[in-house]
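Colleague: What follows is my_file.cif, made up of mmCIF, C-alpha atoms:
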```cif
data_input
loop_
_atom_site.group_PDB
_atom_site.id
_atom_site.type_symbol
_atom_site.label_atom_id
_atom_site.label_comp_id
_atom_site.auth_asym_id
_atom_site.auth_seq_id
_atom_site.Cartn_x
_atom_site.Cartn_y
_atom_site.Cartn_z
ATOM 1 C CA SER A 1 13.881 -45.101 -25.577
ATOM 2 C CA SER A 2 10.802 -43.556 -23.985
ATOM 3 C CA MET A 3 11.101 -45.961 -21.027
ATOM 4 C CA LEU A 4 14.648 -44.820 -20.370
ATOM 5 C CA ARG A 5 13.624 -41.188 -20.554
ATOM 6 C CA ARG A 6 10.832 -41.734 -18.013
ATOM 7 C CA ALA A 7 13.222 -43.632 -15.737
ATOM 8 C CA PHE A 8 15.715 -40.761 -15.977
ATOM 9 C CA ARG A 9 13.044 -38.267 -14.983
ATOM 10 C CA ARG A 10 11.892 -40.373 -12.032
ATOM 11 C CA MET A 11 15.480 -40.804 -10.882
ATOM 12 C CA GLY A 12 15.982 -37.052 -10.989
ATOM 13 C CA ALA A 13 12.774 -36.466 -9.041
ATOM 14 C CA ARG A 14 13.893 -38.898 -6.335
ATOM 15 C CA ILE A 15 16.934 -36.757 -5.555
ATOM 16 C CA GLY A 16 14.731 -34.497 -3.476
ATOM 17 C CA GLY A 17 11.172 -34.841 -4.638
ATOM 18 C CA GLU A 18 8.857 -32.092 -5.862
ATOM 19 C CA GLY A 19 8.506 -30.677 -2.348
ATOM 20 C CA GLN A 20 12.211 -29.886 -2.153
ATOM 21 C CA VAL A 21 12.147 -28.417 -5.636
ATOM 22 C CA VAL A 22 9.280 -26.124 -4.629
ATOM 23 C CA GLN A 23 11.212 -24.987 -1.556
ATOM 24 C CA GLN A 24 14.270 -24.177 -3.655
ATOM 25 C CA LEU A 25 12.150 -22.259 -6.152
ATOM 26 C CA LEU A 26 10.530 -20.329 -3.313
ATOM 27 C CA HIS A 27 13.947 -19.162 -2.177
ATOM 28 C CA LEU A 28 14.582 -17.599 -5.565
ATOM 29 C CA SER A 29 13.804 -13.905 -5.714
ATOM 30 C CA SER A 30 10.702 -12.761 -7.608
ATOM 31 C CA ASP A 31 12.909 -11.315 -10.345
ATOM 32 C CA ALA A 32 15.208 -14.313 -10.484
ATOM 33 C CA LYS A 33 16.860 -14.895 -13.802
ATOM 34 C CA ALA A 34 15.981 -17.916 -15.875
ATOM 35 C CA ALA A 35 19.493 -19.197 -15.247
ATOM 36 C CA SER A 36 18.749 -19.665 -11.531
ATOM 37 C CA LEU A 37 15.614 -21.606 -12.315
ATOM 38 C CA GLU A 38 17.557 -23.665 -14.834
ATOM 39 C CA VAL A 39 20.049 -24.719 -12.144
ATOM 40 C CA VAL A 40 17.298 -25.900 -9.811
ATOM 41 C CA MET A 41 15.262 -27.719 -12.449
ATOM 42 C CA HIS A 42 18.212 -29.339 -14.214
ATOM 43 C CA GLY A 43 19.649 -30.495 -10.898
ATOM 44 C CA HIS A 44 16.475 -32.377 -10.009
ATOM 45 C CA PHE A 45 15.017 -33.460 -13.321
ATOM 46 C CA GLY A 46 17.920 -33.509 -15.730
ATOM 47 C CA PRO A 47 17.806 -32.155 -19.299
ATOM 48 C CA LEU A 48 14.403 -33.690 -20.053
ATOM 49 C CA GLY A 49 12.599 -31.726 -17.365
ATOM 50 C CA PRO A 50 9.761 -32.914 -15.135
ATOM 51 C CA GLU A 51 6.986 -35.267 -16.145
ATOM 52 C CA PRO A 52 3.551 -33.669 -16.640
ATOM 53 C CA ARG A 53 2.209 -34.730 -13.238
ATOM 54 C CA SER A 54 5.374 -33.568 -11.492
ATOM 55 C CA LEU A 55 5.067 -30.202 -13.221
ATOM 56 C CA THR A 56 1.454 -29.928 -12.032
ATOM 57 C CA ARG A 57 2.533 -30.573 -8.444
ATOM 58 C CA LEU A 58 5.298 -27.966 -8.728
ATOM 59 C CA ILE A 59 2.919 -25.296 -10.025
ATOM 60 C CA THR A 60 0.318 -26.169 -7.391
ATOM 61 C CA GLY A 61 2.943 -25.956 -4.671
ATOM 62 C CA LEU A 62 4.068 -22.523 -5.834
ATOM 63 C CA SER A 63 0.479 -21.368 -6.043
ATOM 64 C CA ARG A 64 -0.312 -22.507 -2.517
ATOM 65 C CA ALA A 65 2.784 -20.680 -1.316
ATOM 66 C CA ARG A 66 1.382 -17.517 -2.951
ATOM 67 C CA ARG A 67 4.187 -17.254 -5.476
ATOM 68 C CA PRO A 68 2.185 -17.141 -8.727
ATOM 69 C CA GLU A 69 4.912 -15.149 -10.451
ATOM 70 C CA MET A 70 7.316 -18.060 -9.959
ATOM 71 C CA ALA A 71 4.706 -20.473 -11.346
ATOM 72 C CA LEU A 72 4.490 -18.258 -14.423
ATOM 73 C CA GLU A 73 8.282 -18.199 -14.722
ATOM 74 C CA LEU A 74 8.317 -21.990 -14.526
ATOM 75 C CA LEU A 75 5.863 -22.214 -17.424
ATOM 76 C CA ARG A 76 8.022 -19.817 -19.445
ATOM 77 C CA TRP A 77 11.040 -21.986 -18.721
ATOM 78 C CA CYS A 78 9.168 -25.061 -19.938
ATOM 79 C CA LEU A 79 8.268 -23.315 -23.197
ATOM 80 C CA THR A 80 11.836 -22.251 -23.892
ATOM 81 C CA ARG A 81 13.043 -25.804 -23.184
ATOM 82 C CA ARG A 82 10.256 -27.290 -25.327
ATOM 83 C CA ILE A 83 8.943 -29.182 -22.324
ATOM 84 C CA GLY A 84 5.276 -29.950 -22.912
ATOM 85 C CA ILE A 85 2.703 -27.969 -20.962
ATOM 86 C CA ASN A 86 -1.040 -28.416 -21.126
ATOM 87 C CA ALA A 87 -4.275 -26.862 -19.898
ATOM 88 C CA ILE A 88 -3.969 -28.550 -16.497
ATOM 89 C CA HIS A 89 -0.654 -26.782 -15.883
ATOM 90 C CA GLY A 90 -2.047 -23.495 -17.105
ATOM 91 C CA ASN A 91 -5.206 -23.795 -15.023
ATOM 92 C CA ALA A 92 -3.209 -24.304 -11.847
ATOM 93 C CA ALA A 93 -1.093 -21.245 -12.594
ATOM 94 C CA ILE A 94 -4.055 -19.055 -13.577
ATOM 95 C CA SER A 95 -5.867 -19.860 -10.341
ATOM 96 C CA ALA A 96 -2.887 -18.542 -8.412
ATOM 97 C CA PHE A 97 -3.448 -15.066 -9.843
ATOM 98 C CA ALA A 98 -7.126 -14.895 -8.822
ATOM 99 C CA LYS A 99 -6.617 -13.307 -5.411
ATOM 100 C CA GLY A 100 -4.637 -10.393 -6.800
ATOM 101 C CA GLY A 101 -6.810 -9.989 -9.866
ATOM 102 C CA GLN A 102 -3.743 -10.053 -12.117
ATOM 103 C CA TRP A 103 -5.758 -10.711 -15.247
ATOM 104 C CA ALA A 104 -2.970 -9.773 -17.689
ATOM 105 C CA MET A 105 -0.930 -12.671 -16.301
ATOM 106 C CA ALA A 106 -3.897 -15.015 -16.732
ATOM 107 C CA PHE A 107 -4.190 -14.017 -20.374
ATOM 108 C CA GLU A 108 -0.457 -14.569 -20.867
ATOM 109 C CA ILE A 109 -0.767 -18.090 -19.492
ATOM 110 C CA MET A 110 -3.634 -18.792 -21.894
ATOM 111 C CA ARG A 111 -1.437 -17.579 -24.743
ATOM 112 C CA MET A 112 1.351 -19.876 -23.563
ATOM 113 C CA ILE A 113 -0.970 -22.882 -23.549
ATOM 114 C CA VAL A 114 -1.948 -22.157 -27.132
ATOM 115 C CA GLU A 115 1.699 -21.605 -28.079
ATOM 116 C CA ALA A 116 2.459 -25.042 -26.660
ATOM 117 C CA ARG A 117 -0.181 -26.389 -29.079
ATOM 118 C CA ALA A 118 -2.380 -27.542 -26.227
ATOM 119 C CA GLU A 119 -6.118 -26.928 -26.094
ATOM 120 C CA LEU A 120 -7.811 -24.556 -23.694
ATOM 121 C CA ASP A 121 -10.657 -26.160 -21.759
ATOM 122 C CA ILE A 122 -13.671 -24.895 -19.823
ATOM 123 C CA VAL A 123 -11.642 -24.840 -16.599
ATOM 124 C CA THR A 124 -9.094 -22.558 -18.267
ATOM 125 C CA TYR A 125 -11.740 -20.043 -19.273
ATOM 126 C CA ASN A 126 -13.529 -20.209 -15.938
ATOM 127 C CA SER A 127 -10.257 -19.735 -14.061
ATOM 128 C CA ALA A 128 -9.422 -16.703 -16.182
ATOM 129 C CA LEU A 129 -12.919 -15.299 -15.616
ATOM 130 C CA ASN A 130 -12.412 -15.700 -11.883
ATOM 131 C CA VAL A 131 -9.274 -13.563 -12.100
ATOM 132 C CA LEU A 132 -11.230 -10.951 -14.076
ATOM 133 C CA ARG A 133 -13.947 -11.030 -11.424
ATOM 134 C CA ALA A 134 -11.419 -10.163 -8.720
ATOM 135 C CA ALA A 135 -10.288 -7.197 -10.829
ATOM 136 C CA ALA A 136 -13.852 -6.197 -11.840
ATOM 137 C CA GLU A 137 -12.684 -6.226 -15.477
ATOM 138 C CA TRP A 138 -16.140 -6.688 -16.981
ATOM 139 C CA ARG A 139 -15.223 -5.676 -20.554
ATOM 140 C CA ALA A 140 -12.446 -8.259 -20.669
ATOM 141 C CA ALA A 141 -14.891 -10.836 -19.281
ATOM 142 C CA LEU A 142 -17.303 -10.161 -22.140
ATOM 143 C CA LEU A 143 -14.488 -10.493 -24.649
ATOM 144 C CA LEU A 144 -13.536 -13.820 -23.116
ATOM 145 C CA LEU A 145 -17.113 -15.027 -23.506
ATOM 146 C CA ASP A 146 -16.964 -13.999 -27.156
ATOM 147 C CA ASP A 147 -13.737 -15.955 -27.560
ATOM 148 C CA MET A 148 -15.468 -19.017 -26.123
ATOM 149 C CA ASP A 149 -18.262 -18.685 -28.677
ATOM 150 C CA VAL A 150 -15.755 -18.347 -31.502
ATOM 151 C CA ALA A 151 -13.936 -21.450 -30.245
ATOM 152 C CA SER A 152 -17.279 -23.299 -29.976
ATOM 153 C CA MET A 153 -16.598 -23.793 -26.284
ATOM 154 C CA ALA A 154 -19.888 -24.374 -24.473
ATOM 155 C CA VAL A 155 -20.264 -22.205 -21.374
ATOM 156 C CA ASP A 156 -21.557 -23.626 -18.109
ATOM 157 C CA THR A 157 -23.218 -22.266 -14.987
ATOM 158 C CA ILE A 158 -19.872 -21.260 -13.475
ATOM 159 C CA THR A 159 -18.921 -19.346 -16.621
ATOM 160 C CA LEU A 160 -22.014 -17.149 -16.714
ATOM 161 C CA SER A 161 -22.242 -16.748 -12.939
ATOM 162 C CA THR A 162 -18.647 -15.546 -12.758
ATOM 163 C CA ALA A 163 -19.192 -13.134 -15.646
ATOM 164 C CA ILE A 164 -22.314 -11.750 -13.941
ATOM 165 C CA SER A 165 -20.414 -11.316 -10.685
ATOM 166 C CA THR A 166 -17.669 -9.473 -12.574
ATOM 167 C CA CYS A 167 -20.198 -7.019 -13.985
ATOM 168 C CA ALA A 168 -21.789 -6.630 -10.545
ATOM 169 C CA ARG A 169 -18.453 -5.708 -8.986
ATOM 170 C CA ALA A 170 -17.970 -3.099 -11.679
ATOM 171 C CA GLY A 171 -21.433 -1.646 -11.059
ATOM 172 C CA GLU A 172 -22.640 -2.709 -14.520
ATOM 173 C CA TRP A 173 -26.047 -4.019 -13.488
ATOM 174 C CA VAL A 174 -27.568 -3.702 -16.978
ATOM 175 C CA GLN A 175 -24.886 -5.922 -18.473
ATOM 176 C CA ALA A 176 -25.121 -8.305 -15.521
ATOM 177 C CA LEU A 177 -28.839 -8.838 -16.127
ATOM 178 C CA ALA A 178 -28.252 -9.238 -19.864
ATOM 179 C CA LEU A 179 -25.853 -12.078 -19.064
ATOM 180 C CA PHE A 180 -28.376 -13.551 -16.642
ATOM 181 C CA HIS A 181 -30.899 -13.867 -19.465
ATOM 182 C CA GLU A 182 -28.313 -15.771 -21.511
ATOM 183 C CA PHE A 183 -28.948 -18.756 -19.255
ATOM 184 C CA ASP A 184 -32.229 -19.239 -21.114
ATOM 185 C CA TRP A 185 -31.123 -19.139 -24.736
ATOM 186 C CA ARG A 186 -27.911 -21.008 -23.964
ATOM 187 C CA ALA A 187 -29.949 -23.671 -22.125
ATOM 188 C CA VAL A 188 -27.640 -23.480 -19.104
ATOM 189 C CA PRO A 189 -29.182 -24.232 -15.686
ATOM 190 C CA ARG A 190 -29.293 -21.398 -13.150
ATOM 191 C CA ASP A 191 -28.244 -22.030 -9.574
ATOM 192 C CA THR A 192 -28.035 -20.094 -6.320
ATOM 193 C CA ILE A 193 -24.723 -18.504 -7.279
ATOM 194 C CA ALA A 194 -26.131 -17.222 -10.567
ATOM 195 C CA PHE A 195 -29.177 -15.685 -8.920
ATOM 196 C CA SER A 196 -27.111 -14.230 -6.086
ATOM 197 C CA ALA A 197 -24.709 -12.581 -8.517
ATOM 198 C CA ALA A 198 -27.581 -11.043 -10.492
ATOM 199 C CA ILE A 199 -29.372 -9.881 -7.326
ATOM 200 C CA SER A 200 -26.133 -8.381 -6.036
ATOM 201 C CA SER A 201 -25.803 -6.368 -9.255
ATOM 202 C CA CYS A 202 -29.348 -5.032 -8.758
ATOM 203 C CA GLU A 203 -28.562 -4.046 -5.190
ATOM 204 C CA LYS A 204 -25.408 -2.194 -6.198
ATOM 205 C CA GLY A 205 -27.322 -0.473 -9.000
ATOM 206 C CA HIS A 206 -30.170 0.468 -6.625
ATOM 207 C CA GLN A 207 -32.583 -1.558 -8.770
ATOM 208 C CA TRP A 208 -34.594 -3.015 -5.898
ATOM 209 C CA GLN A 209 -37.660 -3.898 -7.955
ATOM 210 C CA LEU A 210 -35.606 -6.005 -10.352
ATOM 211 C CA GLY A 211 -33.860 -7.604 -7.415
ATOM 212 C CA LEU A 212 -37.183 -8.614 -5.905
ATOM 213 C CA LYS A 213 -38.273 -10.076 -9.235
ATOM 214 C CA LEU A 214 -35.190 -12.254 -9.234
ATOM 215 C CA LEU A 215 -35.803 -13.289 -5.644
ATOM 216 C CA THR A 216 -39.342 -14.330 -6.572
ATOM 217 C CA ALA A 217 -38.011 -16.177 -9.624
ATOM 218 C CA MET A 218 -35.696 -18.155 -7.334
ATOM 219 C CA GLU A 219 -38.700 -19.364 -5.375
ATOM 220 C CA HIS A 220 -40.594 -20.136 -8.572
ATOM 221 C CA GLU A 221 -37.684 -22.169 -9.994
ATOM 222 C CA GLN A 222 -37.147 -23.808 -6.585
ATOM 223 C CA VAL A 223 -33.576 -22.563 -6.348
ATOM 224 C CA GLN A 224 -32.234 -22.436 -2.814
ATOM 225 C CA ILE A 225 -32.173 -18.898 -1.440
ATOM 226 C CA ASP A 226 -29.004 -17.989 0.422
ATOM 227 C CA THR A 227 -28.048 -15.082 2.661
ATOM 228 C CA ILE A 228 -26.649 -13.081 -0.251
ATOM 229 C CA SER A 229 -29.930 -13.332 -2.119
ATOM 230 C CA CYS A 230 -31.903 -12.311 0.955
ATOM 231 C CA SER A 231 -29.768 -9.174 1.273
ATOM 232 C CA VAL A 232 -31.923 -7.549 -1.403
ATOM 233 C CA ALA A 233 -34.876 -7.783 0.979
ATOM 234 C CA ASN A 234 -32.839 -5.984 3.625
ATOM 235 C CA PHE A 235 -31.915 -3.413 1.011
ATOM 236 C CA CYS A 236 -35.608 -2.885 0.314
ATOM 237 C CA ASP A 237 -36.165 -2.256 3.998
ATOM 238 C CA THR A 238 -33.750 0.647 3.877
ATOM 239 C CA LEU A 239 -35.828 2.138 1.032
ATOM 240 C CA GLU A 240 -39.066 1.675 2.999
ATOM 241 C CA CYS A 241 -40.652 -0.560 0.369
ATOM 242 C CA HIS A 242 -42.125 -3.055 2.833
ATOM 243 C CA ASP A 243 -45.480 -3.136 1.042
ATOM 244 C CA PHE A 244 -44.019 -4.007 -2.342
ATOM 245 C CA ASP A 245 -46.052 -6.783 -3.997
ATOM 246 C CA TRP A 246 -43.534 -9.455 -5.018
ATOM 247 C CA MET A 247 -46.018 -11.366 -7.165
ATOM 248 C CA SER A 248 -47.102 -8.346 -9.182
ATOM 249 C CA SER A 249 -43.462 -7.425 -9.682
ATOM 250 C CA THR A 250 -43.021 -10.472 -11.894
ATOM 251 C CA SER A 251 -45.809 -9.540 -14.273
#
```
Do you think you could lay out the structure here as structure tokens?
Modeller:
Amino acid sequence: SSMLRRAFRRMGARIGGEGQVVQQLLHLSSDAKAASLEVVMHGHFGPLGPEPRSLTRLITGLSRARRPEMALELLRWCLTRRIGINAIHGNAAISAFAKGGQWAMAFEIMRMIVEARAELDIVTYNSALNVLRAAAEWRAALLLLDDMDVASMAVDTITLSTAISTCARAGEWVQALALFHEFDWRAVPRDTIAFSAAISSCEKGHQWQLGLKLLTAMEHEQVQIDTISCSVANFCDTLECHDFDWMSSTS
């Protein structure tokens, strides 16, 4: 019965707990064969594998230990064993690849979630966009936004802000500002992060007038100005544009 299966899983987990499982997985080499992972997982969780929450804790533990490749291998193992994975598992694994900007791995995890017949959520897309931001892969970020539209997935402030930041890192200030204007027609609220990302793109593109317009717009919309936003004013100083009329710049 289902109760017996859950009891079996809990009994397996009690042998050492998820923490011990994580430690054993960490001792496996990066190119460890699936057989080695099978030995560890079967020894602790039996043939049924870990429960969903246990799997989440395992992936999170591997991510915190900066072993995202092992988290990905664990998800692959679950798929081959027909052990259910969902967006929560995928999101935890995708986040682990953000620091290195390994966007191809993030896309593979998204594919695995779909293969497991689970639904991608807004956190999945935003996590993947964050990985793309680290890699400055602005074209892939735009494609991901298109995929969200096709899937009728409503974007939020984090989605657009991260996409803008991705374009800014790539030096694509025109595209960054185009995304910034999407806040209006998508009816998504703009915050400090959104403005800062757009202003940063103007600074990197040497578009100081546009940057000042955005800074003025922040004041007009009563959005808190942070140190990143104010950097455009310092940038203006280097161009000797102290007498620039902020109010007329918005006309």
Colleague: When the PyMOL selection byres ((chain A and resi 115) around 12) is applied to the structure above, which residues does it catch, written out as a VMD selection string?
Modeller: chain A and resid 75 to 76 78 to 80 82 to 87 90 108 to 114 116 to 120
Colleague: Counting all atoms listed in the file, which residues come within 10 Å of (-31.4, -10.9, -6.4), with the point read in the file's coordinates, and could you list them as a tab-separated table (two decimals) with C-alpha atoms, in the coordinates of the input?
Modeller:
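File produced: result.tsv:
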```
chain	number	residue	atom	x	y	z
A	192	THR	CA	-28.04	-20.09	-6.32
A	194	ALA	CA	-26.13	-17.22	-10.57
A	195	PHE	CA	-29.18	-15.68	-8.92
A	196	SER	CA	-27.11	-14.23	-6.09
A	197	ALA	CA	-24.71	-12.58	-8.52
A	198	ALA	CA	-27.58	-11.04	-10.49
A	199	ILE	CA	-29.37	-9.88	-7.33
A	200	SER	CA	-26.13	-8.38	-6.04
A	201	SER	CA	-25.80	-6.37	-9.26
A	202	CYS	CA	-29.35	-5.03	-8.76
A	203	GLU	CA	-28.56	-4.05	-5.19
A	207	GLN	CA	-32.58	-1.56	-8.77
A	208	TRP	CA	-34.59	-3.02	-5.90
A	209	GLN	CA	-37.66	-3.90	-7.96
A	210	LEU	CA	-35.61	-6.00	-10.35
A	211	GLY	CA	-33.86	-7.60	-7.42
A	212	LEU	CA	-37.18	-8.61	-5.90
A	213	LYS	CA	-38.27	-10.08	-9.24
A	214	LEU	CA	-35.19	-12.25	-9.23
A	215	LEU	CA	-35.80	-13.29	-5.64
A	216	THR	CA	-39.34	-14.33	-6.57
A	217	ALA	CA	-38.01	-16.18	-9.62
A	218	MET	CA	-35.70	-18.16	-7.33
A	225	ILE	CA	-32.17	-18.90	-1.44
A	228	ILE	CA	-26.65	-13.08	-0.25
A	229	SER	CA	-29.93	-13.33	-2.12
A	230	CYS	CA	-31.90	-12.31	0.96
A	231	SER	CA	-29.77	-9.17	1.27
A	232	VAL	CA	-31.92	-7.55	-1.40
A	233	ALA	CA	-34.88	-7.78	0.98
```
Colleague: Can you give me, as number ranges by chain, the residues this file yields under the PyMOL selection byres ((chain A and resi 161-175) around 9)?
Modeller: A: 126, 129-130, 132-139, 141-142, 145, 156-160, 176-180, 190-191, 193-205, 207
Colleague: Report the distance between atom CA of A:Gln24 and atom CA of A:Val40 in Å, rounded to one decimal place.
Modeller: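 Separating atom CA of A:Gln24 from atom CA of A:Val40 is a distance of 7.1 Å.
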Colleague: Box for stretch 153-169 of chain A - axis-aligned, 6 Å on each of the six sides, all listed atoms - centre and size in Å to one decimal, as JSON.
Modeller:
```
{"center_x": -19.9, "center_y": -15.0, "center_z": -17.6, "size_x": 18.6, "size_y": 30.7, "size_z": 29.3}
```
Colleague: If I take atom CA of A:Glu182 and atom CA of A:Ala154, how far is one from the other in Å, to one decimal?
Modeller: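 According to the coordinates, atom CA of A:Glu182 and atom CA of A:Ala154 are separated by 12.4 Å.
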Colleague: Tell me which protein, DNA and RNA residues are within 9 Å of A:Leu74, counting all atoms listed in the file, leaving out same-chain ones fewer than 3 positions away, and put them as an MDAnalysis selection string.
Modeller: chainID A and resid 34 37 55 58:59 69:71 77:79
Colleague: How would you write, as a PyMOL selection string, the residues chosen by the PyMOL selection byres ((chain A and resi 105) around 10) on this structure?
Modeller: chain A and resi 68-69+72+93-94+97-98+101-104+106-111+128+131
Colleague: Measuring atom to atom with all atoms listed in the file, identify which of A:Asp147, A:Ser95, A:Arg53, A:Gln224 is nearest to A:Val123.
Modeller: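 Looking only at the distances to A:Val123, the closest residue turns out to be A:Ser95.
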Colleague: Report the distance between atom CA of A:His220 and atom CA of A:His181 in Å, rounded to one decimal place.
Modeller: 15.9 Å
Colleague: Would you output stretch 146-154 of chain A from that structure, restricted to all heavy atoms, as a CSV table (one decimal), in the first residue's frame?
Modeller:
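Result went into out_18.csv, see below:
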```csv
chain,number,residue,atom,x,y,z
A,146,ASP,N,10.0,34.7,-24.8
A,146,ASP,CA,9.0,34.2,-25.8
A,146,ASP,C,8.4,32.9,-25.4
A,146,ASP,O,7.2,32.8,-25.6
A,146,ASP,CB,9.8,34.1,-27.2
A,146,ASP,CG,10.2,35.4,-27.8
A,146,ASP,OD1,9.6,36.4,-27.4
A,146,ASP,OD2,11.0,35.4,-28.7
A,147,ASP,N,9.2,32.0,-24.9
A,147,ASP,CA,8.6,30.7,-24.4
A,147,ASP,C,7.6,30.9,-23.3
A,147,ASP,O,6.5,30.3,-23.3
A,147,ASP,CB,9.7,29.8,-23.9
A,147,ASP,CG,10.6,29.3,-25.0
A,147,ASP,OD1,10.2,29.4,-26.2
A,147,ASP,OD2,11.7,28.8,-24.7
A,148,MET,N,7.8,31.9,-22.5
A,148,MET,CA,6.9,32.2,-21.4
A,148,MET,C,5.5,32.7,-22.0
A,148,MET,O,4.5,32.4,-21.5
A,148,MET,CB,7.4,33.2,-20.4
A,148,MET,CG,8.6,32.7,-19.6
A,148,MET,SD,9.3,33.9,-18.5
A,148,MET,CE,8.0,33.9,-17.2
A,149,ASP,N,5.6,33.6,-23.0
A,149,ASP,CA,4.4,34.1,-23.7
A,149,ASP,C,3.7,32.9,-24.3
A,149,ASP,O,2.4,32.9,-24.2
A,149,ASP,CB,4.8,35.1,-24.7
A,149,ASP,CG,5.3,36.4,-24.0
A,149,ASP,OD1,4.9,36.7,-22.9
A,149,ASP,OD2,6.0,37.2,-24.7
A,150,VAL,N,4.4,32.1,-25.0
A,150,VAL,CA,3.7,30.9,-25.7
A,150,VAL,C,3.0,30.0,-24.6
A,150,VAL,O,1.9,29.5,-24.9
A,150,VAL,CB,4.8,30.1,-26.5
A,150,VAL,CG1,4.1,28.8,-27.0
A,150,VAL,CG2,5.3,30.9,-27.6
A,151,ALA,N,3.7,29.9,-23.5
A,151,ALA,CA,3.1,29.0,-22.4
A,151,ALA,C,2.1,29.8,-21.6
A,151,ALA,O,1.5,29.2,-20.6
A,151,ALA,CB,4.2,28.5,-21.5
A,152,SER,N,1.8,31.0,-22.0
A,152,SER,CA,0.8,31.9,-21.2
A,152,SER,C,1.3,32.0,-19.8
A,152,SER,O,0.4,32.0,-18.8
A,152,SER,CB,-0.6,31.3,-21.3
A,152,SER,OG,-1.1,31.3,-22.6
A,153,MET,N,2.6,32.1,-19.6
A,153,MET,CA,3.1,32.3,-18.2
A,153,MET,C,3.3,33.8,-18.0
A,153,MET,O,4.1,34.4,-18.7
A,153,MET,CB,4.4,31.5,-18.1
A,153,MET,CG,5.2,31.8,-16.8
A,153,MET,SD,4.4,31.0,-15.4
A,153,MET,CE,4.6,29.2,-15.8
A,154,ALA,N,2.6,34.4,-17.1
A,154,ALA,CA,2.7,35.8,-16.8
A,154,ALA,C,4.1,36.1,-16.2
A,154,ALA,O,4.5,35.5,-15.2
A,154,ALA,CB,1.6,36.2,-15.9
```
